[in-house]
Structure formats: C-alpha cells, structure tokens
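Colleague: My file is work-v1.cif. It has mmCIF, C-alpha atoms and all ligand atoms:
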data_final
loop_
_atom_site.label_atom_id
_atom_site.label_comp_id
_atom_site.auth_asym_id
_atom_site.auth_seq_id
_atom_site.Cartn_x
_atom_site.Cartn_y
_atom_site.Cartn_z
CA MET A 21 128.05 53.01 69.94
CA ILE A 22 127.28 49.31 69.80
CA LYS A 23 128.89 46.15 68.40
CA LEU A 24 126.92 43.27 66.88
CA LYS A 25 128.43 39.84 66.39
CA ALA A 26 126.92 37.29 64.01
CA ASN A 27 127.81 33.91 62.52
CA TYR A 28 127.40 35.40 59.10
CA VAL A 29 127.59 39.08 58.17
CA LEU A 30 126.25 39.59 54.64
CA THR A 31 127.79 42.89 53.67
CA MET A 32 126.29 43.29 50.14
CA ASN A 33 129.36 45.45 49.46
CA GLU A 34 131.00 45.70 46.02
CA LYS A 35 132.60 42.27 46.44
CA ASN A 36 129.54 40.75 48.16
CA GLU A 37 131.73 39.72 51.07
CA ILE A 38 130.24 37.39 53.66
CA ILE A 39 132.16 37.55 56.92
CA GLU A 40 131.99 34.42 59.07
CA ASN A 41 131.92 35.26 62.80
CA GLY A 42 131.85 38.90 61.75
CA GLU A 43 131.35 42.07 63.77
CA VAL A 44 129.83 45.44 63.01
CA ILE A 45 130.32 48.59 65.10
CA PHE A 46 127.87 51.43 64.59
CA ASP A 47 126.00 54.33 66.06
CA LYS A 48 123.71 56.08 63.59
CA LYS A 49 126.06 55.05 60.80
CA ILE A 50 128.33 52.06 60.40
CA ILE A 51 131.77 52.71 61.88
CA LYS A 52 133.68 49.44 61.48
CA VAL A 53 133.10 46.05 59.82
CA GLY A 54 135.34 43.01 60.27
CA LYS A 55 136.44 40.33 62.71
CA ASN A 56 137.80 40.54 66.27
CA LEU A 57 137.19 44.30 66.51
CA GLU A 58 137.58 46.46 69.66
CA LYS A 59 136.64 44.66 72.87
CA ASN A 60 135.68 47.60 75.12
CA ILE A 61 132.35 48.34 73.38
CA LYS A 62 128.85 47.26 74.39
CA THR A 63 128.44 44.02 72.40
CA ILE A 64 125.39 42.00 71.40
CA ASP A 65 126.18 38.49 70.27
CA LEU A 66 123.31 37.51 67.96
CA GLY A 67 124.03 33.89 68.79
CA LYS A 68 124.32 30.53 67.11
CA ASN A 69 123.27 30.42 63.45
CA SER A 70 122.72 34.17 63.29
CA VAL A 71 122.76 36.18 60.09
CA LEU A 72 123.20 39.97 60.06
CA MET A 73 122.47 41.78 56.82
CA PRO A 74 121.29 45.16 55.51
CA GLY A 75 117.58 45.84 56.01
CA LEU A 76 115.42 45.33 52.93
CA ILE A 77 114.04 48.22 50.87
CA ASN A 78 110.72 47.95 49.03
CA THR A 79 110.95 50.63 46.34
CA HIS A 80 107.31 50.52 45.18
CA THR A 81 104.11 50.28 47.25
CA HIS A 82 100.60 51.79 47.25
CA LEU A 83 99.54 51.58 50.90
CA GLU A 84 96.36 53.59 50.21
CA PHE A 85 94.93 50.41 48.69
CA SER A 86 95.84 48.12 51.59
CA ALA A 87 92.17 47.40 52.33
CA ASN A 88 91.98 45.27 49.22
CA GLN A 89 91.92 41.54 49.67
CA THR A 90 89.30 40.06 47.38
CA THR A 91 87.72 43.19 45.93
CA LEU A 92 89.74 43.74 42.77
CA ILE A 93 89.62 41.68 39.59
CA TYR A 94 92.78 39.83 38.59
CA GLY A 95 93.76 38.01 35.41
CA ASP A 96 93.85 40.86 32.92
CA PHE A 97 95.18 44.42 33.14
CA ILE A 98 92.17 46.38 31.82
CA SER A 99 89.65 44.39 33.90
CA TRP A 100 91.82 45.11 36.94
CA LEU A 101 92.07 48.84 36.08
CA ASN A 102 88.29 49.06 35.63
CA SER A 103 87.80 47.38 39.00
CA VAL A 104 90.24 49.86 40.62
CA ILE A 105 88.27 52.77 39.17
CA ALA A 106 84.95 51.27 40.33
CA LYS A 107 86.14 50.37 43.85
CA ARG A 108 88.70 53.10 44.45
CA GLU A 109 86.60 55.26 46.81
CA ASN A 110 85.49 52.26 48.89
CA LEU A 111 89.03 50.94 49.22
CA LEU A 112 90.43 54.35 50.17
CA ASN A 113 87.70 54.82 52.77
CA ASP A 114 88.20 51.35 54.19
CA CYS A 115 91.88 51.95 54.89
CA ARG A 116 92.08 53.74 58.21
CA SER A 117 94.92 53.80 60.71
CA HIS A 118 94.67 50.10 61.64
CA CYS A 119 94.86 49.11 57.97
CA TYR A 120 98.03 51.20 57.44
CA GLN A 121 99.58 49.86 60.63
CA LYS A 122 98.88 46.28 59.52
CA ALA A 123 100.54 46.94 56.15
CA ILE A 124 103.57 48.61 57.77
CA ASN A 125 103.89 45.79 60.33
CA GLN A 126 103.83 43.19 57.59
CA MET A 127 106.70 44.97 55.86
CA LYS A 128 108.61 45.47 59.10
CA LYS A 129 108.27 41.80 60.09
CA SER A 130 109.70 40.83 56.71
CA GLY A 131 112.77 43.01 57.28
CA VAL A 132 111.78 46.12 55.36
CA VAL A 133 113.49 49.22 56.81
CA ALA A 134 112.48 51.64 54.03
CA PHE A 135 109.91 51.87 51.28
CA GLY A 136 108.86 53.99 48.33
CA GLU A 137 105.18 54.90 48.64
CA ILE A 138 103.05 56.12 45.76
CA SER A 139 100.50 58.49 47.25
CA SER A 140 97.62 59.43 44.97
CA THR A 141 95.47 61.27 47.53
CA GLY A 142 97.55 62.24 50.56
CA LEU A 143 95.31 60.10 52.75
CA ASP A 144 98.35 58.03 53.74
CA LEU A 145 100.34 61.06 54.97
CA GLU A 146 99.02 61.06 58.53
CA GLN A 147 100.25 57.51 59.12
CA LEU A 148 103.43 57.62 57.08
CA LYS A 149 104.86 60.90 58.37
CA LYS A 150 105.30 59.26 61.79
CA THR A 151 106.26 55.69 60.99
CA GLU A 152 109.57 54.28 62.27
CA LEU A 153 110.43 53.03 58.79
CA LYS A 154 112.06 55.31 56.23
CA VAL A 155 109.65 56.52 53.55
CA VAL A 156 110.24 58.05 50.15
CA TYR A 157 106.82 59.58 49.65
CA PHE A 158 106.03 59.91 45.93
CA ASN A 159 103.14 62.36 45.41
CA GLU A 160 101.48 61.06 42.28
CA ILE A 161 100.13 63.13 39.44
CA ILE A 162 97.56 61.68 37.03
CA GLY A 163 95.34 63.12 34.30
CA SER A 164 95.45 63.02 30.50
CA ASN A 165 92.38 65.10 29.65
CA PRO A 166 93.47 68.71 28.82
CA ALA A 167 90.24 70.10 30.30
CA ALA A 168 91.04 68.59 33.71
CA ILE A 169 94.79 68.98 34.00
CA ASP A 170 94.95 72.40 35.65
CA ALA A 171 92.78 71.31 38.56
CA LEU A 172 94.62 67.99 38.86
CA TYR A 173 97.98 69.77 38.82
CA GLN A 174 96.85 72.14 41.57
CA ASP A 175 95.68 69.21 43.70
CA PHE A 176 99.07 67.53 43.16
CA LEU A 177 100.88 70.75 44.19
CA ASN A 178 98.79 71.02 47.35
CA ARG A 179 99.62 67.44 48.31
CA LEU A 180 103.31 67.92 47.53
CA ASN A 181 103.45 71.11 49.63
CA GLU A 182 101.67 69.44 52.53
CA SER A 183 104.04 66.44 52.47
CA GLU A 184 107.07 68.75 52.36
CA LYS A 185 106.11 70.10 55.80
CA TYR A 186 107.16 66.74 57.23
CA LYS A 187 110.40 66.35 55.30
CA SER A 188 113.09 64.81 57.48
CA GLU A 189 116.00 62.40 57.24
CA LYS A 190 113.46 59.53 57.37
CA PHE A 191 110.55 61.02 55.42
CA ILE A 192 111.47 62.20 51.94
CA PRO A 193 108.73 63.90 49.86
CA SER A 194 109.02 63.24 46.17
CA ILE A 195 107.11 63.01 42.88
CA SER A 196 105.46 60.25 40.83
CA ILE A 197 104.19 60.52 37.27
CA HIS A 198 101.47 57.88 37.01
CA SER A 199 102.25 56.60 33.48
CA PRO A 200 102.72 57.65 29.83
CA TYR A 201 99.11 56.86 29.00
CA SER A 202 97.52 58.68 31.92
CA VAL A 203 99.42 61.97 32.32
CA HIS A 204 99.41 64.88 29.87
CA PRO A 205 102.92 65.99 28.77
CA LEU A 206 102.21 69.58 29.87
CA ILE A 207 101.79 68.63 33.52
CA ILE A 208 104.60 66.07 33.32
CA LYS A 209 106.88 68.94 32.32
CA LYS A 210 105.73 71.15 35.20
CA ALA A 211 106.08 68.36 37.77
CA LEU A 212 109.53 67.34 36.49
CA ASP A 213 110.73 70.96 36.55
CA ILE A 214 109.98 70.91 40.29
CA ALA A 215 111.81 67.58 40.69
CA ARG A 216 114.88 69.00 38.91
CA LYS A 217 114.84 72.18 40.95
CA LYS A 218 114.42 70.36 44.26
CA ASN A 219 116.68 67.44 43.36
CA MET A 220 113.87 64.94 44.00
CA ILE A 221 113.79 61.31 42.86
CA VAL A 222 110.88 60.54 40.55
CA SER A 223 108.91 57.37 39.98
CA ALA A 224 106.76 56.44 36.95
CA HIS A 225 104.90 53.32 35.86
CA PHE A 226 106.16 52.40 32.40
CA MET A 227 105.26 49.63 29.95
CA GLU A 228 103.36 47.45 32.39
CA SER A 229 100.97 45.77 29.93
CA GLN A 230 100.50 44.80 26.31
CA ALA A 231 97.49 47.13 26.31
CA GLU A 232 99.82 50.04 27.13
CA ARG A 233 102.23 48.96 24.37
CA GLU A 234 99.47 48.84 21.72
CA TRP A 235 97.85 52.09 22.80
CA LEU A 236 101.08 54.09 22.81
CA ASP A 237 102.40 52.55 19.58
CA ASN A 238 99.23 52.41 17.48
CA ASN A 239 96.29 53.93 19.43
CA LYS A 240 94.84 50.43 19.40
CA GLY A 241 94.23 47.45 21.66
CA ASP A 242 92.29 47.10 24.92
CA PHE A 243 92.94 50.72 25.93
CA LYS A 244 91.08 51.98 22.83
CA ILE A 245 87.68 51.11 24.32
CA PHE A 246 88.79 52.13 27.80
CA PHE A 247 89.80 55.64 26.69
CA LYS A 248 86.76 56.08 24.45
CA GLN A 249 84.36 55.10 27.23
CA ASN A 250 86.03 56.77 30.21
CA LEU A 251 87.67 59.88 28.73
CA ASN A 252 86.26 60.21 25.21
CA GLN A 253 89.84 60.08 23.97
CA GLU A 254 90.88 58.61 20.60
CA LYS A 255 94.65 58.97 20.80
CA ALA A 256 97.47 58.54 23.27
CA VAL A 257 98.80 61.82 24.68
CA THR A 258 102.46 60.93 24.04
CA SER A 259 104.80 58.44 22.41
CA THR A 260 107.02 56.31 24.61
CA ILE A 261 110.27 57.98 23.56
CA GLU A 262 108.80 61.48 23.96
CA PHE A 263 107.67 60.40 27.41
CA LEU A 264 111.05 58.99 28.41
CA SER A 265 112.85 62.06 27.04
CA GLN A 266 111.00 64.25 29.52
CA PHE A 267 112.94 62.55 32.35
CA GLU A 268 116.41 63.76 31.25
CA GLN A 269 118.40 65.05 34.23
CA VAL A 270 115.97 63.55 36.74
CA LYS A 271 116.82 60.49 38.82
CA THR A 272 113.94 58.21 37.83
CA HIS A 273 112.66 54.83 39.00
CA PHE A 274 110.53 53.27 36.27
CA ILE A 275 108.04 50.68 37.46
CA HIS A 276 107.51 47.33 35.61
CA GLY A 277 109.11 47.83 32.16
CA VAL A 278 107.87 44.37 31.18
CA TRP A 279 106.84 45.52 27.69
CA ALA A 280 109.70 47.99 27.13
CA ASN A 281 111.53 47.44 23.85
CA GLU A 282 115.28 47.57 23.21
CA LYS A 283 115.27 51.26 22.24
CA GLU A 284 113.36 52.24 25.39
CA LEU A 285 115.61 50.16 27.63
CA GLN A 286 118.64 51.77 26.02
CA LYS A 287 117.14 55.18 26.70
CA ILE A 288 116.47 54.21 30.33
CA SER A 289 120.06 52.98 30.60
CA SER A 290 121.50 56.15 29.03
CA MET A 291 119.60 58.29 31.56
CA ASN A 292 120.99 56.21 34.48
CA ALA A 293 117.42 55.39 35.47
CA SER A 294 116.34 52.20 37.25
CA ILE A 295 113.50 49.66 37.04
CA ALA A 296 111.26 48.07 39.68
CA HIS A 297 110.48 44.42 39.04
CA CYS A 298 107.12 43.45 40.60
CA PRO A 299 106.68 39.76 39.66
CA VAL A 300 103.59 38.95 41.76
CA SER A 301 101.68 41.99 40.56
CA ASN A 302 102.64 41.27 36.94
CA ARG A 303 101.55 37.63 37.35
CA LEU A 304 98.19 38.51 38.90
CA LEU A 305 97.38 41.03 36.18
CA ASN A 306 98.81 38.55 33.65
CA THR A 307 101.11 41.14 32.11
CA GLY A 308 104.23 38.98 31.71
CA LEU A 309 107.64 38.80 33.32
CA LEU A 310 110.48 41.34 33.18
CA ASP A 311 113.55 40.01 31.35
CA ILE A 312 116.04 40.80 34.10
CA GLU A 313 119.02 39.51 32.08
CA ARG A 314 118.26 42.08 29.37
CA VAL A 315 117.96 44.79 32.00
CA LYS A 316 121.25 43.77 33.62
CA ASN A 317 123.05 43.53 30.28
CA LEU A 318 122.14 47.17 29.69
CA GLN A 319 123.47 48.02 33.17
CA ILE A 320 120.09 49.20 34.37
CA PRO A 321 119.89 48.82 38.16
CA TYR A 322 116.77 46.94 39.21
CA SER A 323 114.97 46.32 42.49
CA VAL A 324 112.31 43.75 43.30
CA ALA A 325 109.25 45.44 44.83
CA THR A 326 105.81 44.27 45.95
CA ASP A 327 103.64 46.98 44.38
CA GLY A 328 100.51 47.53 46.54
CA LEU A 329 97.99 45.13 48.04
CA SER A 330 95.87 46.30 45.11
CA SER A 331 97.83 43.76 43.03
CA ASN A 332 99.46 41.47 45.57
CA TYR A 333 98.44 39.14 48.40
CA SER A 334 101.32 40.25 50.65
CA LEU A 335 103.83 43.04 51.29
CA ASN A 336 106.41 40.53 52.52
CA LEU A 337 109.52 41.25 50.45
CA PHE A 338 111.18 37.90 51.21
CA LYS A 339 108.13 36.20 49.69
CA GLU A 340 108.35 38.48 46.67
CA ILE A 341 111.97 37.58 45.92
CA ARG A 342 111.16 33.89 46.47
CA THR A 343 108.43 34.15 43.85
CA SER A 344 110.86 35.90 41.51
CA LEU A 345 113.38 33.09 42.06
CA PHE A 346 110.80 30.51 41.03
CA MET A 347 109.53 32.49 38.05
CA HIS A 348 112.85 33.06 36.26
CA THR A 349 113.35 29.43 35.37
CA GLY A 350 116.07 30.19 32.80
CA LEU A 351 118.45 31.61 35.40
CA HIS A 352 120.68 29.64 37.76
CA PRO A 353 119.05 29.65 41.21
CA LYS A 354 122.28 30.31 43.14
CA TYR A 355 123.37 33.34 41.12
CA LEU A 356 119.84 34.64 40.78
CA ALA A 357 119.38 34.38 44.58
CA LYS A 358 122.43 36.60 45.19
CA ASP A 359 121.22 39.07 42.58
CA LEU A 360 117.71 39.21 44.06
CA ILE A 361 119.04 39.92 47.55
CA LYS A 362 121.27 42.59 46.04
CA SER A 363 118.22 44.06 44.31
CA VAL A 364 116.31 44.62 47.57
CA THR A 365 119.33 45.91 49.53
CA LYS A 366 122.21 47.71 47.77
CA ASN A 367 120.38 48.40 44.48
CA ALA A 368 117.20 49.57 46.21
CA GLY A 369 119.11 51.82 48.64
CA ASP A 370 120.96 53.42 45.74
CA ILE A 371 117.75 53.78 43.70
CA LEU A 372 116.02 55.68 46.53
CA ASN A 373 119.21 57.64 47.46
CA LEU A 374 119.04 56.37 51.05
CA ASN A 375 122.74 55.70 51.75
CA ASN A 376 121.85 52.27 53.14
CA GLY A 377 121.44 48.74 51.71
CA SER A 378 124.95 47.52 52.46
CA ILE A 379 127.08 46.98 55.55
CA GLU A 380 129.92 49.37 54.80
CA VAL A 381 131.57 52.17 56.74
CA GLY A 382 129.61 55.41 56.37
CA LYS A 383 126.27 53.79 55.46
CA PHE A 384 123.27 54.27 57.76
CA ALA A 385 123.01 51.39 60.25
CA ASP A 386 119.76 49.98 58.82
CA LEU A 387 120.21 46.32 59.72
CA ILE A 388 118.26 43.11 60.24
CA SER A 389 119.10 39.77 61.80
CA PHE A 390 117.60 36.27 61.93
CA LYS A 391 118.67 32.66 62.44
CA LEU A 392 119.47 30.13 59.74
CA SER A 393 121.15 26.79 60.36
CA LYS A 394 124.74 26.37 59.24
CA CYS A 395 125.32 26.38 55.50
CA LEU A 396 127.91 23.84 54.31
CA ASN A 397 128.81 26.09 51.42
CA ILE A 398 128.83 29.75 52.31
CA GLU A 399 127.88 30.79 48.75
CA ASP A 400 124.55 28.91 49.23
CA LEU A 401 123.56 31.37 51.93
CA TYR A 402 121.64 33.70 49.57
CA LEU A 403 119.51 30.88 48.21
CA GLN A 404 118.89 29.38 51.66
CA ILE A 405 117.82 32.77 53.03
CA ILE A 406 115.31 33.19 50.20
CA LEU A 407 113.96 29.68 50.72
CA HIS A 408 113.64 29.78 54.51
CA ILE A 409 113.21 33.33 55.80
CA ASN A 410 109.76 34.90 55.99
CA GLU A 411 110.21 36.95 59.12
CA ILE A 412 113.17 38.46 60.85
CA GLU A 413 114.14 38.65 64.53
CA LYS A 414 115.77 42.01 65.04
CA MET A 415 115.93 45.36 63.26
CA TRP A 416 117.91 48.59 63.63
CA ILE A 417 117.17 51.82 61.76
CA ASN A 418 119.74 54.64 61.92
CA GLY A 419 121.38 52.49 64.58
CA LYS A 420 118.30 52.48 66.80
CA LYS A 421 116.68 49.17 67.78
CA ILE A 422 113.15 48.84 66.39
CA GLU A 423 110.52 46.68 68.12
CA ILE A 424 108.93 44.18 65.74
C1 LIG A 501 93.63 59.43 32.79
O1 LIG A 501 93.30 60.37 33.51
O2 LIG A 501 93.98 59.56 31.64
C2 LIG A 501 93.63 58.04 33.37
C3 LIG A 501 93.38 57.84 34.71
C4 LIG A 501 93.41 56.53 35.20
C5 LIG A 501 93.69 55.48 34.38
C6 LIG A 501 93.94 55.70 33.05
C7 LIG A 501 93.92 56.99 32.52
FE FE2 A 502 102.30 50.41 41.05
#
Take the structure in this file and express it as structure tokens.

Modeller:
Amino acid sequence: MIKLKANYVLTMNEKNEIIENGEVIFDKKIIKVGKNLEKNIKTIDLGKNSVLMPGLINTHTHLEFSANQTTLIYGDFISWLNSVIAKRENLLNDCRSHCYQKAINQMKKSGVVAFGEISSTGLDLEQLKKTELKVVYFNEIIGSNPAAIDALYQDFLNRLNESEKYKSEKFIPSISIHSPYSVHPLIIKKALDIARKKNMIVSAHFMESQAEREWLDNNKGDFKIFFKQNLNQEKAVTSTIEFLSQFEQVKTHFIHGVWANEKELQKISSMNASIAHCPVSNRLLNTGLLDIERVKNLQIPYSVATDGLSSNYSLNLFKEIRTSLFMHTGLHPKYLAKDLIKSVTKNAGDILNLNNGSIEVGKFADLISFKLSKCLNIEDLYLQIILHINEIEKMWINGKKIEI
C-alpha cells in the first residue's frame, strides 16, 4: 500500500472534483481519496506544482503500421487507401520489435496506460502480449468478396485463438469489424456471434469519409472506381442501418462517425455504443471533423484517439487532444478542455471496460503525474494541462510504478 500526495488531484469522478493538496492511497486498486489521510503509510510527496490524474487511454491505434512516416499519401481518403494497399507489405515488414517499442514508448511518455489495438495480421502479438501497458487487442476481420470470405474468416479465427492464449488482466483479446464497406454481412454475423458468446468488446470503423457515405447510400462516388478496379464489385455489401443492426447486444466502439447521419447516430445511441474521435487522422485524410456536440446531445460516449501512425504524425495523446481543442472553434475552450480530458480518461476506460480512467475507490490504480505551475483559477487546470503537457513524469499501472 502506498500514499501519493499532490498539489492537485484530478479525480475525473462524476463531479469532476479537483482536490487541492490531495492524497490517494492504493495498492492494485484505489483504496482512499481525500485530504489528510492516514499518516502511517509509505508516502510519496509528488512535490511543488504536482498534478496527479488518471492515466490516459488511447482507444484506437494500428501499431502494425508504425513504420510509416512519409510513405503514405495524405489529403484524400481513397488516395490514402490505395497507398495503404500498395505499401502495406513493406510497412508491415519494416515494423520489427524496435519499431513497436518506439511506438509504445511514445504513448507511455505521453501518459497512456492502456490502448485499443487493431490487429489485422497478428504480427503485433509478440510485442503486445508482453508490454507493461494494458492492451485491448482487437483482431480485425476484413473481406467483402463472397469468394474469399471463408478463407479470410478462418485466418481471423486463427489469429483470435492465438491471441486468446495470452488473455490476462492486462491483455484482453477482442474483435474488430473493419468497416461496413469492406466486410461481408455473413462473416460479420459469425464474428459478432463469438463476441456475444464471449462477452467481448467490438470495434468497427464507421462513416469515416464522404466516399463511404456515397458508396453505401447510392453505390456511387470515389469508391465506385475503387471497388470496380480492386474487387470487380458494383454494389455495396450492406446498407448502413443493416450494418449497425448487426451490433445489437454487443458493446461496440465505432471509429470516426464523421459522416454518420442523425438516424445512424440515434441507432448508435440506442445501442449504448460509443465513438472514437480521431481529429488528426480525419484532417490528414481530409474527411472532416466529428460534430462532438451532436454526439454528446445524443448521449453517445466519445473518446479522442490517435488512430495509427498510418494516418498520424504522433501517438502522443496530449497532442491529439490539443489539436482537437484547436479544431472545434465553435466550442468554449475551457469547457471543451475538461470534456477532452474526460474523453481520454473516464470515457475511454468505460468504453474499453477497463475499470480505470478515474481516481475513485475500487478503480485500478492506473495513474500519472507531472508538474504544472500554480493555476490562479482551479477550473483552468484542464485547459492549462492541454496547452502545456506533452510528457509526463511518473506512471503507475495496477498500482505498480512503471519506468518511463
Ligand atoms: C474488401 O475486402 O472489400 C476491402 C479491403 C480493403 C479496403 C476496402 C475493401
Ligand atoms: Fe483506424
């Protein structure tokens, strides 16, 4: 058992309490939160200007593509997708252990204690099964061509089974459906039946681009040529509502949602599903900006996430929320700042079922600390953190100190 003392304890609890000169007692889980707690416990005073808060959670990454820096084409979704298809093998081959370690270290330095990884090949398993960070490992299924789906489904099953061998409190095997345009409903059904049976969280890209909107609504737009050329396909394999309806009774994290319409968002809300907001990725592929007010008004929980280095320059989650703060120019910076920090802590922890993301009794002690000079107005703390923090000083996962 250990006690930490900090100038500011950001609890991210229901009331968003900030405790000045606060203390937190924990072992693996948080035992007590408050002020002037028991004295006869090993105590670490984090010092002048210290902030203690829940560790950040990046709900959506693709570490397999971490070798990308300047290889992929940005500026338009279909050009980017074509470049991914052309360079995929090279990028996968170029990411060996050092490349994964670099990506994980970048996240760790920016305060990330847990992340949701989309694995399309299983090549990331060796590195991720042993990392100190918590991983929700989403085995991805892809394939819309009926002639290929049996083999693709079998490959997905093999990867899922392999990942399940390493299931632990910190490594949680799960399932990802690539998208409504790229996965045949027959294999979606089979994969989601497994998710329901095993009580797994599921992730799915949804309504990322205008091209996706036009293809699924009218079998038109930029995807028309793409599907004709690559898969000799004239029509989308599903409608958006048919797609969404397949996720009933599954806890689902939809990625992007930028082009989702009111009916789809209402459906997402009614299924208690969540959305990942990836502003840098959306900007680089020029796909627009998620209307987070609309999402919040429908009571859809959202998290900010980096996506992979395949569509980002960094996996630093503080940088990602700073970008988000600057992009949503219609929202008040102070209230948005609090909401963004909530999105990468409490919301993200709930989305990935991790029982962390807030400093409350019974939550896992997944904590970070850093220094920030005194804030005149305590309510400015969220905004000042987003403006000034890129890297953290200390981290604990399940109450254990992590070297960074
Ligand atoms: C497909 O298999 O349908 C597909 C794969 C990648 C991108 C788009 C579609
Ligand atoms: Fe993604």

Colleague: Residues of chain A that have any atom at most 10 Å from an atom of ligand FE2 502 (chain A): could you tabulate them with the shortest-distance atom pair and the distance in Å to one decimal, using only C-alpha atoms and all ligand atoms, ordered by chain and increasing number, as CSV?

Modeller:
residue,atom,partner,partner_atom,distance
A:His80,CA,A:FE2_502,FE,6.5
A:Thr81,CA,A:FE2_502,FE,6.5
A:His82,CA,A:FE2_502,FE,6.6
A:Glu137,CA,A:FE2_502,FE,9.3
A:Ile138,CA,A:FE2_502,FE,7.4
A:His198,CA,A:FE2_502,FE,8.5
A:Ser199,CA,A:FE2_502,FE,9.8
A:Ser223,CA,A:FE2_502,FE,9.7
A:Ala224,CA,A:FE2_502,FE,8.5
A:His225,CA,A:FE2_502,FE,6.5
A:Phe226,CA,A:FE2_502,FE,9.7
A:Glu228,CA,A:FE2_502,FE,9.2
A:Phe274,CA,A:FE2_502,FE,9.9
A:Ile275,CA,A:FE2_502,FE,6.8
A:His276,CA,A:FE2_502,FE,8.1
A:Ala296,CA,A:FE2_502,FE,9.4
A:Cys298,CA,A:FE2_502,FE,8.5
A:Ser301,CA,A:FE2_502,FE,8.5
A:Ala325,CA,A:FE2_502,FE,9.3
A:Thr326,CA,A:FE2_502,FE,8.6
A:Asp327,CA,A:FE2_502,FE,5.0
A:Gly328,CA,A:FE2_502,FE,6.5
A:Leu329,CA,A:FE2_502,FE,9.8
A:Ser330,CA,A:FE2_502,FE,8.6
A:Ser331,CA,A:FE2_502,FE,8.3

Colleague: What's the 12 Å shell around Asp359 in chain A, counting all atoms listed in the file, without same-chain residues fewer than 2 positions away, as an NGL selection string?

Modeller: :A and (32 or 36 or 312-313 or 316 or 321-324 or 341-342 or 344-345 or 351-357 or 361-368 or 402-403 or 406)

Colleague: Can you write just those residues out, C-alpha atoms, as an mmCIF file, in the frame of the given file?

Modeller:
data_model
loop_
_atom_site.group_PDB
_atom_site.id
_atom_site.type_symbol
_atom_site.label_atom_id
_atom_site.label_comp_id
_atom_site.auth_asym_id
_atom_site.auth_seq_id
_atom_site.Cartn_x
_atom_site.Cartn_y
_atom_site.Cartn_z
ATOM 1 C CA MET A 32 126.290 43.290 50.140
ATOM 2 C CA ASN A 36 129.540 40.750 48.160
ATOM 3 C CA ILE A 312 116.040 40.800 34.100
ATOM 4 C CA GLU A 313 119.020 39.510 32.080
ATOM 5 C CA LYS A 316 121.250 43.770 33.620
ATOM 6 C CA PRO A 321 119.890 48.820 38.160
ATOM 7 C CA TYR A 322 116.770 46.940 39.210
ATOM 8 C CA SER A 323 114.970 46.320 42.490
ATOM 9 C CA VAL A 324 112.310 43.750 43.300
ATOM 10 C CA ILE A 341 111.970 37.580 45.920
ATOM 11 C CA ARG A 342 111.160 33.890 46.470
ATOM 12 C CA SER A 344 110.860 35.900 41.510
ATOM 13 C CA LEU A 345 113.380 33.090 42.060
ATOM 14 C CA LEU A 351 118.450 31.610 35.400
ATOM 15 C CA HIS A 352 120.680 29.640 37.760
ATOM 16 C CA PRO A 353 119.050 29.650 41.210
ATOM 17 C CA LYS A 354 122.280 30.310 43.140
ATOM 18 C CA TYR A 355 123.370 33.340 41.120
ATOM 19 C CA LEU A 356 119.840 34.640 40.780
ATOM 20 C CA ALA A 357 119.380 34.380 44.580
ATOM 21 C CA ILE A 361 119.040 39.920 47.550
ATOM 22 C CA LYS A 362 121.270 42.590 46.040
ATOM 23 C CA SER A 363 118.220 44.060 44.310
ATOM 24 C CA VAL A 364 116.310 44.620 47.570
ATOM 25 C CA THR A 365 119.330 45.910 49.530
ATOM 26 C CA LYS A 366 122.210 47.710 47.770
ATOM 27 C CA ASN A 367 120.380 48.400 44.480
ATOM 28 C CA ALA A 368 117.200 49.570 46.210
ATOM 29 C CA TYR A 402 121.640 33.700 49.570
ATOM 30 C CA LEU A 403 119.510 30.880 48.210
ATOM 31 C CA ILE A 406 115.310 33.190 50.200
#

Colleague: What lies within 12 Å of Ile245 in chain A using all atoms listed in the file, ignoring chain neighbours under 6 positions off, as an MDAnalysis selection string?

Modeller: chainID A and resid 98:99 102 231 235 239 251:255

Colleague: Residues up to 9 Å from ligand LIG 501 (chain A), counting all atoms listed in the file: could you list those as JSON, numbers by chain?

Modeller: {"A": [101, 102, 105, 162, 163, 164, 165, 168, 169, 198, 199, 201, 202, 203, 204, 243, 246, 247, 250, 251, 253, 257]}

Colleague: Based on the selection just made, write C-alpha atoms of those residues as a tab-separated table (two decimals), in the coordinates of the input.

Modeller:
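Output (selection.tsv):
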chain	number	residue	atom	x	y	z
A	101	LEU	CA	92.07	48.84	36.08
A	102	ASN	CA	88.29	49.06	35.63
A	105	ILE	CA	88.27	52.77	39.17
A	162	ILE	CA	97.56	61.68	37.03
A	163	GLY	CA	95.34	63.12	34.30
A	164	SER	CA	95.45	63.02	30.50
A	165	ASN	CA	92.38	65.10	29.65
A	168	ALA	CA	91.04	68.59	33.71
A	169	ILE	CA	94.79	68.98	34.00
A	198	HIS	CA	101.47	57.88	37.01
A	199	SER	CA	102.25	56.60	33.48
A	201	TYR	CA	99.11	56.86	29.00
A	202	SER	CA	97.52	58.68	31.92
A	203	VAL	CA	99.42	61.97	32.32
A	204	HIS	CA	99.41	64.88	29.87
A	243	PHE	CA	92.94	50.72	25.93
A	246	PHE	CA	88.79	52.13	27.80
A	247	PHE	CA	89.80	55.64	26.69
A	250	ASN	CA	86.03	56.77	30.21
A	251	LEU	CA	87.67	59.88	28.73
A	253	GLN	CA	89.84	60.08	23.97
A	257	VAL	CA	98.80	61.82	24.68

Colleague: Residues within 7 Å of Ala87 in chain A, please, as a PyMOL selection string. Count all atoms listed in the file; anything in the same chain fewer than 3 positions from it doesn't count.

Modeller: chain A and resi 111+114-115+119

Colleague: Pick out the closest residue to Asp65 in chain A from this set: A:Lys25, A:Val104, A:Val53, A:Lys209. Count all atoms listed in the file.

Modeller: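 When distances to Asp65 in chain A are compared using all atoms listed in the file, the smallest one comes from A:Lys25.
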
Colleague: List as a ChimeraX atom specification the protein and nucleic acid residues near Val315 in chain A, meaning an atom at most 10 Å away when all atoms listed in the file are counted, but skip any in the same chain fewer than 4 places from it.

Modeller: /A:277,282,285-286,288-289,294-295,310-311,319-322

Colleague: List as a list of chain:residue names the protein and nucleic acid residues near Asn418 in chain A, meaning an atom at most 6 Å away when all atoms listed in the file are counted, but skip any in the same chain fewer than 5 places from it.

Modeller: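 Listing them by chain and then by number gives A:Lys48, A:Phe384, A:Ala385, A:Asp386.
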
Colleague: At what distance in Å, to one decimal, does CA of Lys187 in chain A lie from CA of Lys421 in chain A?

Modeller: 22.1 Å

Colleague: Suppose you want the space between CA of Val381 in chain A and CA of Leu407 in chain A; what is it in Å?

Modeller: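 Atom-to-atom, CA of Val381 in chain A and CA of Leu407 in chain A are spaced 29.2 Å apart.
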